[in-house]
file query34.cif (mmCIF, C-alpha atoms)
data_entry
#
loop_
_atom_site.label_atom_id
_atom_site.label_comp_id
_atom_site.auth_asym_id
_atom_site.auth_seq_id
_atom_site.Cartn_x
_atom_site.Cartn_y
_atom_site.Cartn_z
CA MET A 127 35.45 15.12 34.00
CA ASP A 128 31.87 14.36 33.45
CA ASN A 129 31.74 11.78 30.66
CA LYS A 130 28.01 11.30 30.84
CA ARG A 131 26.17 12.05 27.63
CA LYS A 132 23.83 14.98 27.91
CA ILE A 133 20.35 13.55 27.38
CA PRO A 134 18.08 16.26 26.00
CA ASP A 135 14.87 17.09 27.76
CA LEU A 136 12.20 16.05 25.29
CA GLN A 137 9.57 17.83 27.31
CA GLN A 138 11.00 21.28 26.59
CA GLU A 139 8.40 23.48 24.92
CA LYS A 140 10.53 24.28 21.90
CA LEU A 141 10.85 20.66 20.87
CA LYS A 142 7.11 20.06 21.16
CA LYS A 143 6.37 22.90 18.75
CA GLN A 144 5.30 22.00 15.22
CA PRO A 145 8.31 22.67 12.93
CA PHE A 146 6.37 22.33 9.66
CA SER A 147 4.49 24.96 7.69
CA VAL A 148 2.16 25.09 4.69
CA PRO A 149 1.88 27.41 1.68
CA ASP A 150 -0.26 30.50 2.23
CA GLY A 151 -3.96 29.89 1.75
CA TYR A 152 -3.52 26.10 1.58
CA PHE A 153 -6.30 25.17 3.98
CA GLU A 154 -8.64 27.87 2.68
CA SER A 155 -8.49 26.48 -0.86
CA PHE A 156 -8.25 22.78 0.04
CA SER A 157 -11.98 22.07 0.01
CA ASP A 158 -12.43 23.62 -3.47
CA ARG A 159 -9.56 21.60 -4.89
CA LEU A 160 -10.89 18.45 -3.30
CA GLN A 161 -14.37 19.01 -4.76
CA ALA A 162 -12.85 19.63 -8.20
CA ARG A 163 -10.93 16.35 -7.98
CA ILE A 164 -14.04 14.41 -6.89
CA ARG A 165 -16.03 15.87 -9.81
CA GLU A 166 -13.21 15.07 -12.22
CA GLU A 167 -13.04 11.46 -11.04
CA GLN A 168 -16.79 11.08 -11.32
CA HIS A 169 -16.81 12.36 -14.91
CA SER A 170 -13.72 10.59 -16.21
CA THR A 171 -14.37 7.15 -14.76
CA PRO A 172 -17.75 5.79 -15.75
CA PRO A 173 -18.97 3.16 -13.34
CA VAL A 174 -17.98 -0.30 -14.55
CA PRO A 175 -21.17 -2.26 -15.07
CA ARG A 176 -21.09 -5.43 -13.09
CA ILE A 177 -21.90 -8.57 -14.98
CA ARG A 178 -25.15 -9.68 -13.49
CA THR A 179 -25.51 -13.28 -12.37
CA PHE A 180 -28.14 -13.89 -15.07
CA THR A 181 -25.75 -12.76 -17.81
CA ARG A 182 -22.94 -14.84 -16.25
CA ALA A 183 -25.17 -17.93 -16.55
CA ARG A 184 -25.75 -17.18 -20.23
CA VAL A 185 -22.03 -16.79 -20.84
CA ALA A 186 -21.35 -20.07 -19.05
CA MET A 187 -23.99 -21.84 -21.12
CA ALA A 188 -22.57 -20.44 -24.34
CA ALA A 189 -19.09 -21.62 -23.33
CA ALA A 190 -20.44 -25.11 -22.60
CA ILE A 191 -22.23 -25.31 -25.96
CA LEU A 192 -19.08 -24.18 -27.73
CA GLY A 193 -17.09 -26.83 -25.90
CA VAL A 194 -19.50 -29.58 -26.91
CA ALA A 195 -19.47 -28.32 -30.50
CA LEU A 196 -15.68 -28.44 -30.61
CA ILE A 197 -15.57 -31.98 -29.20
CA SER A 198 -18.26 -33.15 -31.64
CA TYR A 199 -16.38 -31.61 -34.53
CA SER A 200 -13.20 -33.38 -33.49
CA VAL A 201 -14.98 -36.74 -33.32
CA LEU A 202 -16.75 -36.23 -36.63
CA ARG A 203 -13.49 -35.18 -38.25
CA PHE A 204 -11.98 -38.52 -37.37
CA THR A 205 -15.04 -40.51 -38.43
CA VAL A 206 -17.52 -39.24 -41.00
CA PHE A 207 -15.33 -36.70 -42.74
CA ASN A 208 -12.29 -38.88 -43.17
CA ASN A 209 -11.44 -40.19 -46.71
CA GLY A 210 -11.87 -43.92 -45.94
CA SER A 211 -8.41 -44.98 -44.82
CA PRO A 212 -8.12 -48.20 -42.79
CA ASP A 213 -7.62 -46.19 -39.66
CA SER A 214 -10.90 -44.42 -40.07
CA ALA A 215 -12.68 -47.71 -40.80
CA ASP A 216 -11.31 -49.23 -37.64
CA MET A 217 -12.22 -46.15 -35.66
CA ALA A 218 -15.74 -46.34 -37.09
CA LEU A 219 -15.99 -49.96 -36.01
CA ILE A 220 -14.67 -49.11 -32.58
CA ASP A 221 -17.29 -46.43 -32.33
CA GLU A 222 -20.05 -48.75 -33.62
CA PHE A 223 -19.27 -51.61 -31.31
CA HIS A 224 -18.49 -49.30 -28.34
CA LEU A 225 -15.17 -50.97 -27.91
CA MET A 226 -13.10 -50.21 -24.86
CA GLU A 227 -9.32 -49.88 -25.00
CA ASP A 228 -8.78 -53.49 -23.88
CA ASP A 229 -10.90 -54.72 -26.73
CA PHE A 230 -8.69 -53.35 -29.45
CA TYR A 231 -7.51 -56.91 -30.24
CA LEU A 232 -10.92 -57.39 -31.81
CA VAL A 233 -9.98 -54.87 -34.44
CA ASP A 234 -7.28 -57.27 -35.56
CA TYR A 235 -9.88 -60.05 -35.62
CA LEU A 236 -12.01 -57.97 -37.90
CA GLU A 237 -9.22 -57.40 -40.37
CA PRO A 238 -9.75 -59.08 -43.72
CA ALA A 239 -8.37 -62.63 -43.75
CA GLU A 240 -5.36 -63.59 -45.83
CA GLU A 241 -6.11 -65.25 -49.10
CA MET A 242 -6.17 -69.10 -48.81
CA ASP A 243 -6.62 -72.00 -51.20
CA ASP A 244 -9.87 -73.93 -51.07
CA GLU A 245 -8.56 -76.75 -48.88
CA ASP A 246 -7.13 -74.42 -46.25
CA ALA A 247 -10.21 -72.28 -46.35
CA PHE A 248 -12.43 -75.32 -45.73
CA ALA A 249 -10.25 -76.47 -42.82
CA THR A 250 -10.30 -73.07 -41.23
CA GLN A 251 -14.02 -72.76 -41.51
CA ALA A 252 -14.48 -76.26 -40.09
CA MET A 253 -12.33 -75.48 -37.08
CA ASP A 254 -14.27 -72.31 -36.49
CA TYR A 255 -17.56 -74.18 -36.70
CA LEU A 256 -16.43 -76.82 -34.25
CA ALA A 257 -15.08 -74.20 -31.81
CA ILE A 258 -18.30 -72.29 -31.88
CA ASN A 259 -20.29 -75.48 -31.23
CA ASP A 260 -17.98 -76.47 -28.44
CA VAL A 261 -16.81 -79.76 -29.80
CA GLU A 262 -13.66 -80.86 -28.15
CA MET A 263 -10.82 -80.85 -30.63
CA ILE A 264 -9.11 -83.76 -28.97
CA LEU A 265 -11.94 -86.08 -30.02
CA LEU A 266 -11.40 -85.12 -33.60
CA LEU A 267 -7.73 -85.88 -33.44
CA GLU A 268 -8.05 -89.34 -31.96
CA MET B 96 -20.10 28.16 7.81
CA PRO B 97 -21.20 27.52 11.40
CA GLU B 98 -19.41 24.46 12.73
CA TRP B 99 -21.36 21.22 13.14
CA ASP B 100 -20.39 18.54 15.60
CA ASP B 101 -19.94 14.88 14.61
CA SER B 102 -23.50 13.84 15.44
CA GLN B 103 -24.92 16.64 13.29
CA ILE B 104 -22.65 15.64 10.43
CA LEU B 105 -23.73 11.99 10.66
CA GLU B 106 -27.38 12.94 10.84
CA ALA B 107 -27.05 15.06 7.72
CA VAL B 108 -25.23 12.25 5.90
CA ARG B 109 -28.29 10.05 6.41
CA THR B 110 -30.66 12.76 5.17
CA PRO B 111 -31.24 12.57 1.40
CA GLY B 112 -29.97 15.68 -0.31
CA LYS B 113 -27.78 16.76 2.59
CA GLU B 114 -24.85 14.39 2.02
CA GLU B 115 -22.70 16.92 0.22
CA VAL B 116 -23.25 19.64 2.80
CA ALA B 117 -22.40 17.14 5.54
CA PHE B 118 -19.23 16.09 3.73
CA ASN B 119 -18.10 19.69 3.25
CA GLN B 120 -18.62 20.31 6.95
CA LEU B 121 -16.62 17.20 7.80
CA VAL B 122 -13.76 18.39 5.59
CA ALA B 123 -13.82 21.81 7.23
CA ASN B 124 -13.73 20.27 10.72
CA TYR B 125 -10.99 17.73 10.11
CA GLN B 126 -8.74 18.89 7.27
CA GLU B 127 -6.12 20.53 9.46
CA ARG B 128 -5.94 17.78 12.09
CA LEU B 129 -5.62 15.09 9.47
CA TYR B 130 -3.15 17.14 7.46
CA TRP B 131 -0.70 17.45 10.36
CA HIS B 132 -1.13 13.80 11.29
CA ILE B 133 -0.22 12.77 7.74
CA ARG B 134 2.52 15.39 7.43
CA LYS B 135 4.39 13.99 10.41
CA ILE B 136 4.38 10.59 8.72
CA LEU B 137 5.30 11.71 5.22
CA ILE B 138 7.34 14.86 6.02
CA GLU B 139 6.88 16.49 2.56
CA HIS B 140 3.99 18.91 1.96
CA GLU B 141 3.24 17.72 -1.62
CA ASP B 142 3.00 14.08 -0.54
CA THR B 143 0.81 15.08 2.38
CA ASP B 144 -1.53 17.04 0.11
CA ASP B 145 -1.95 13.98 -2.17
CA VAL B 146 -2.66 11.64 0.72
CA LEU B 147 -5.03 14.07 2.42
CA GLN B 148 -7.08 14.27 -0.77
CA ASN B 149 -6.99 10.48 -1.13
CA THR B 150 -8.18 10.18 2.46
CA PHE B 151 -11.19 12.46 1.98
CA ILE B 152 -12.10 10.82 -1.33
CA LYS B 153 -12.15 7.47 0.46
CA VAL B 154 -14.28 9.05 3.19
CA TRP B 155 -16.68 10.49 0.59
CA ARG B 156 -17.11 7.06 -1.02
CA SER B 157 -17.79 5.24 2.24
CA LEU B 158 -19.43 7.87 4.44
CA ALA B 159 -22.93 6.58 3.76
CA GLU B 160 -21.92 3.11 5.01
CA PHE B 161 -20.26 4.38 8.19
CA ARG B 162 -22.10 2.49 10.91
CA GLY B 163 -20.92 4.55 13.88
CA ASP B 164 -19.30 1.55 15.61
CA SER B 165 -16.42 3.85 16.38
CA GLU B 166 -16.27 7.62 16.72
CA LEU B 167 -16.09 9.60 13.50
CA TYR B 168 -12.75 11.01 14.64
CA THR B 169 -11.29 7.51 15.15
CA TRP B 170 -12.55 6.34 11.77
CA LEU B 171 -11.07 9.32 9.94
CA TYR B 172 -7.69 9.01 11.63
CA ARG B 173 -7.61 5.32 10.83
CA ILE B 174 -8.24 5.97 7.12
CA ALA B 175 -5.63 8.74 7.08
CA THR B 176 -3.03 6.53 8.79
CA ASN B 177 -3.64 3.65 6.40
CA GLU B 178 -3.48 5.93 3.36
CA ALA B 179 -0.18 7.39 4.57
CA LEU B 180 1.34 3.95 5.20
CA THR B 181 0.12 2.73 1.79
CA TYR B 182 1.74 5.77 0.19
CA LEU B 183 5.02 5.05 1.96
CA LYS B 184 4.91 1.43 0.84
CA LYS B 185 4.34 2.51 -2.76
CA LYS B 186 7.18 5.01 -2.53
CA LYS B 187 9.51 2.30 -1.27
CA LYS B 188 8.52 -0.02 -4.15
CA GLN B 189 8.98 2.70 -6.74
CA SER B 190 12.42 3.63 -5.47
CA PHE B 191 13.67 0.01 -5.69
CA ALA B 192 15.64 0.79 -2.56
CA PRO B 193 15.55 -0.66 0.94
CA TRP B 194 13.41 1.19 3.45
CA VAL B 195 16.48 2.61 5.14
CA GLU B 196 17.36 4.55 2.02
CA VAL B 197 13.85 5.97 1.59
CA GLU B 198 13.89 7.17 5.18
CA HIS B 199 17.37 8.61 4.59
CA LYS B 200 16.05 10.55 1.58
CA MET B 201 13.18 11.92 3.68
CA SER B 202 15.72 13.05 6.27
CA GLU B 203 17.72 14.84 3.58
CA VAL B 204 14.57 16.51 2.21
CA LEU B 205 13.96 18.02 5.65
CA GLU B 206 17.18 19.99 5.52
CA SER B 207 16.26 21.76 2.29
CA ASP B 208 12.46 21.75 2.61
CA PRO B 209 11.02 25.29 2.32
CA TRP B 210 8.08 24.15 4.42
CA PHE B 211 10.25 23.11 7.37
CA ASN B 212 10.81 25.99 9.76
CA GLY B 213 12.48 24.23 12.67
CA ASP B 214 15.90 25.13 14.14
CA GLU B 215 18.86 22.79 14.51
CA ILE B 216 17.59 20.85 17.53
CA GLN B 217 14.11 20.48 15.97
CA LEU B 218 15.73 19.19 12.77
CA LYS B 219 17.75 16.65 14.78
CA LEU B 220 14.59 15.53 16.58
CA GLN B 221 12.75 14.97 13.28
CA GLN B 222 15.73 13.10 11.84
CA ALA B 223 15.85 10.90 14.95
CA ILE B 224 12.11 10.20 14.68
CA LEU B 225 12.61 9.17 11.05
CA LYS B 226 15.00 6.45 12.19
CA LEU B 227 12.21 4.73 14.15
CA PRO B 228 10.21 1.91 12.50
CA GLU B 229 7.24 3.51 10.80
CA LYS B 230 4.54 2.29 13.18
CA GLN B 231 6.58 3.29 16.22
CA ARG B 232 7.09 6.65 14.57
CA ILE B 233 3.31 7.10 14.29
CA VAL B 234 2.83 6.18 17.96
CA PHE B 235 5.54 8.60 19.03
CA ASN B 236 4.13 11.49 16.95
CA MET B 237 0.55 10.92 18.15
CA ARG B 238 1.58 10.84 21.80
CA TYR B 239 4.40 13.36 21.84
CA PHE B 240 3.13 16.09 19.49
CA ASP B 241 -0.65 15.53 19.45
CA GLU B 242 -0.95 14.29 23.06
CA ILE B 243 -3.62 11.80 22.01
CA LYS B 244 -4.74 9.58 24.88
CA TYR B 245 -3.63 5.96 24.70
CA GLU B 246 -7.22 4.70 24.70
CA LYS B 247 -8.06 6.78 21.61
CA MET B 248 -4.80 5.76 19.95
CA ALA B 249 -5.66 2.11 20.63
CA SER B 250 -8.94 2.51 18.67
CA ILE B 251 -7.23 4.29 15.80
CA LEU B 252 -4.31 1.91 15.46
CA ASN B 253 -6.19 -1.21 16.55
CA THR B 254 -3.55 -2.04 19.14
CA SER B 255 -3.70 -2.51 22.90
CA VAL B 256 -2.99 0.32 25.32
CA GLY B 257 -0.18 -1.72 26.87
CA ALA B 258 1.53 -2.27 23.54
CA LEU B 259 1.27 1.43 22.74
CA LYS B 260 2.74 2.47 26.08
CA ALA B 261 5.64 0.07 25.61
CA SER B 262 6.20 1.27 22.05
CA TYR B 263 6.20 4.92 23.11
CA HIS B 264 8.55 4.26 26.03
CA HIS B 265 11.07 2.53 23.74
CA ALA B 266 10.74 5.28 21.14
CA VAL B 267 11.56 7.92 23.73
CA LYS B 268 14.64 5.98 24.90
CA LYS B 269 15.90 5.57 21.33
CA ILE B 270 15.39 9.24 20.47
CA GLU B 271 17.07 10.43 23.67
CA ALA B 272 20.04 8.21 22.89
CA MET B 273 20.27 9.48 19.30
CA LEU B 274 20.06 13.12 20.36
CA ALA B 275 22.60 12.61 23.15
CA ASP B 276 25.05 11.03 20.65
CA ASP B 277 24.77 14.13 18.52
#
call {"tool": "encode", "arguments": {"input": "query34.cif", "output": "structure tokens"}}
result
Amino acid sequence: MDNKRKIPDLQQEKLKKQPFSVPDGYFESFSDRLQARIREEQHSTPPVPRIRTFTRARVAMAAAILGVALISYSVLRFTVFNNGSPDSADMALIDEFHLMEDDFYLVDYLEPAEEMDDEDAFATQAMDYLAINDVEMILLLE
Amino acid sequence: MPEWDDSQILEAVRTPGKEEVAFNQLVANYQERLYWHIRKILIEHEDTDDVLQNTFIKVWRSLAEFRGDSELYTWLYRIATNEALTYLKKKKKQSFAPWVEVEHKMSEVLESDPWFNGDEIQLKLQQAILKLPEKQRIVFNMRYFDEIKYEKMASILNTSVGALKASYHHAVKKIEAMLADD
């Protein structure tokens, strides 16, 4: 018994024939339908105007100005427009003296001193004077 | 309308005021060839009609920029092939199904399609072709049905002649095996 599969001859004329068909008059009317679709697309979709480079520059400039305005407003809000709380005073001082983050200890130094009696106040001022004039404390204590 | 050849069409395209006449002539010359090329990829007439229109609309939009680096024929076939493959890709996405199922649906459509006039063996051949990977299917159709030379096919599909010959050879073996099993 021949168990070999029968391999079809793909070169037979019947197989090479086009098995598909089209509706009657399809090709005759195709061009008209195509033209109608092209016209419809041209009328319904207006060309999208491209943003010219010059206009883009203007938009960019406007965005930058807006950004600066927002930042300025934020700064002013925390300084000039605040109602005078200690925080705002410190912030104003920081701004005035251009203090960096590491210099915040100076804010403490600028805080109002505790109330002292006259003797203590004199001693404190004397120590400050001597420190500023670079007199060695040890000489005073001998 | 007396038929123009490709060089006459291209000359008219570059002549102000003659672009539309040139385009109409191009459509007249190529509509049937491109239709059957697309139809063999997409199987259904309605899908083919959509893609054929999309192809010519793309041609209309870019005809003025066609530099003539390749033959007009090659350029048109390339656009048609890409449009058909894009359409298939979209169909696959829309169906949310693996490619195998989309191809299976196309095979089923064949059996009940009023615009398919083939007999049993022709139906089996088309169903076997549908089981090939889509690019191999295109190569097989172009060589087997359209008898396009490998060199021309290489320009259209942007693939080497050697790769096309190998692809076609394997396609034939697969189809013969599928038809023999039936």
call {"tool": "closest_residue", "arguments": {"input": "query34.cif", "among": "B:Ala258, B:Ile138, B:Ile104, B:Ala266", "to": "chain A", "atoms": "only C-alpha atoms"}}
result
B:Ile138
call {"tool": "interface_residues", "arguments": {"input": "query34.cif", "of": "chain B", "to": "chain A", "cutoff": "6 Å", "atoms": "only C-alpha atoms", "output": "PyMOL selection string"}}
result
chain B and resi 210-213+217+240+271+275
call {"tool": "atom_distance", "arguments": {"input": "query34.cif", "atom1": "CA of Ile136 (chain B)", "atom2": "CA of Asn119 (chain B)"}}
result
24.9 Å
call {"tool": "resolve_selection", "arguments": {"input": "query34.cif", "expression": "the PyMOL selection byres ((chain B and resi 166) around 12)", "output": "list in words"}}
result
Asp100, Asp101, Ser102, Leu105, Phe161, Arg162, Gly163, Asp164, Ser165, Leu167, Tyr168, Thr169, Trp170, Leu171, Tyr172, Arg173, Lys247, Ser250 and Ile251 of chain B
call {"tool": "residues_around", "arguments": {"input": "query34.cif", "residues": "Lys153 (chain B)", "least_positions_apart": "2", "cutoff": "12 Å", "atoms": "only C-alpha atoms", "output": "PyMOL selection string"}}
result
(chain A and resi 160+164) or (chain B and resi 118+146-151+155-161+170-171+173-175+177-178)
call {"tool": "atom_distance", "arguments": {"input": "query34.cif", "atom1": "CA of Asn124 (chain B)", "atom2": "CA of Glu98 (chain B)"}}
result
7.3 Å
call {"tool": "atom_distance", "arguments": {"input": "query34.cif", "atom1": "CA of Leu220 (chain B)", "atom2": "CA of Gly151 (chain A)"}}
result
27.8 Å
call {"tool": "residues_around", "arguments": {"input": "query34.cif", "residues": "Ile133 (chain B)", "least_positions_apart": "5", "cutoff": "7 Å", "atoms": "only C-alpha atoms", "output": "list of chain:residue names"}}
result
B:Thr143, B:Ala175, B:Thr176, B:Ala179
call {"tool": "write_last_selection", "arguments": {"input": "query34.cif", "atoms": "C-alpha atoms", "output": "PDB file, keeping the file's coordinate frame"}}
result
ATOM      1  CA  THR B 143       0.810  15.080   2.380  1.00  0.00           C
ATOM      2  CA  ALA B 175      -5.630   8.740   7.080  1.00  0.00           C
ATOM      3  CA  THR B 176      -3.030   6.530   8.790  1.00  0.00           C
ATOM      4  CA  ALA B 179      -0.180   7.390   4.570  1.00  0.00           C
TER       5      ALA B 179
END
call {"tool": "closest_residue", "arguments": {"input": "query34.cif", "among": "B:Trp131, B:Tyr182, B:Tyr239, B:Trp99", "to": "Gln138 (chain A)", "atoms": "all atoms listed in the file"}}
result
B:Tyr239
call {"tool": "closest_residue", "arguments": {"input": "query34.cif", "among": "B:Glu139, B:Met237, B:Ile216, B:Lys113", "to": "Lys200 (chain B)", "atoms": "only C-alpha atoms"}}
result
B:Glu139
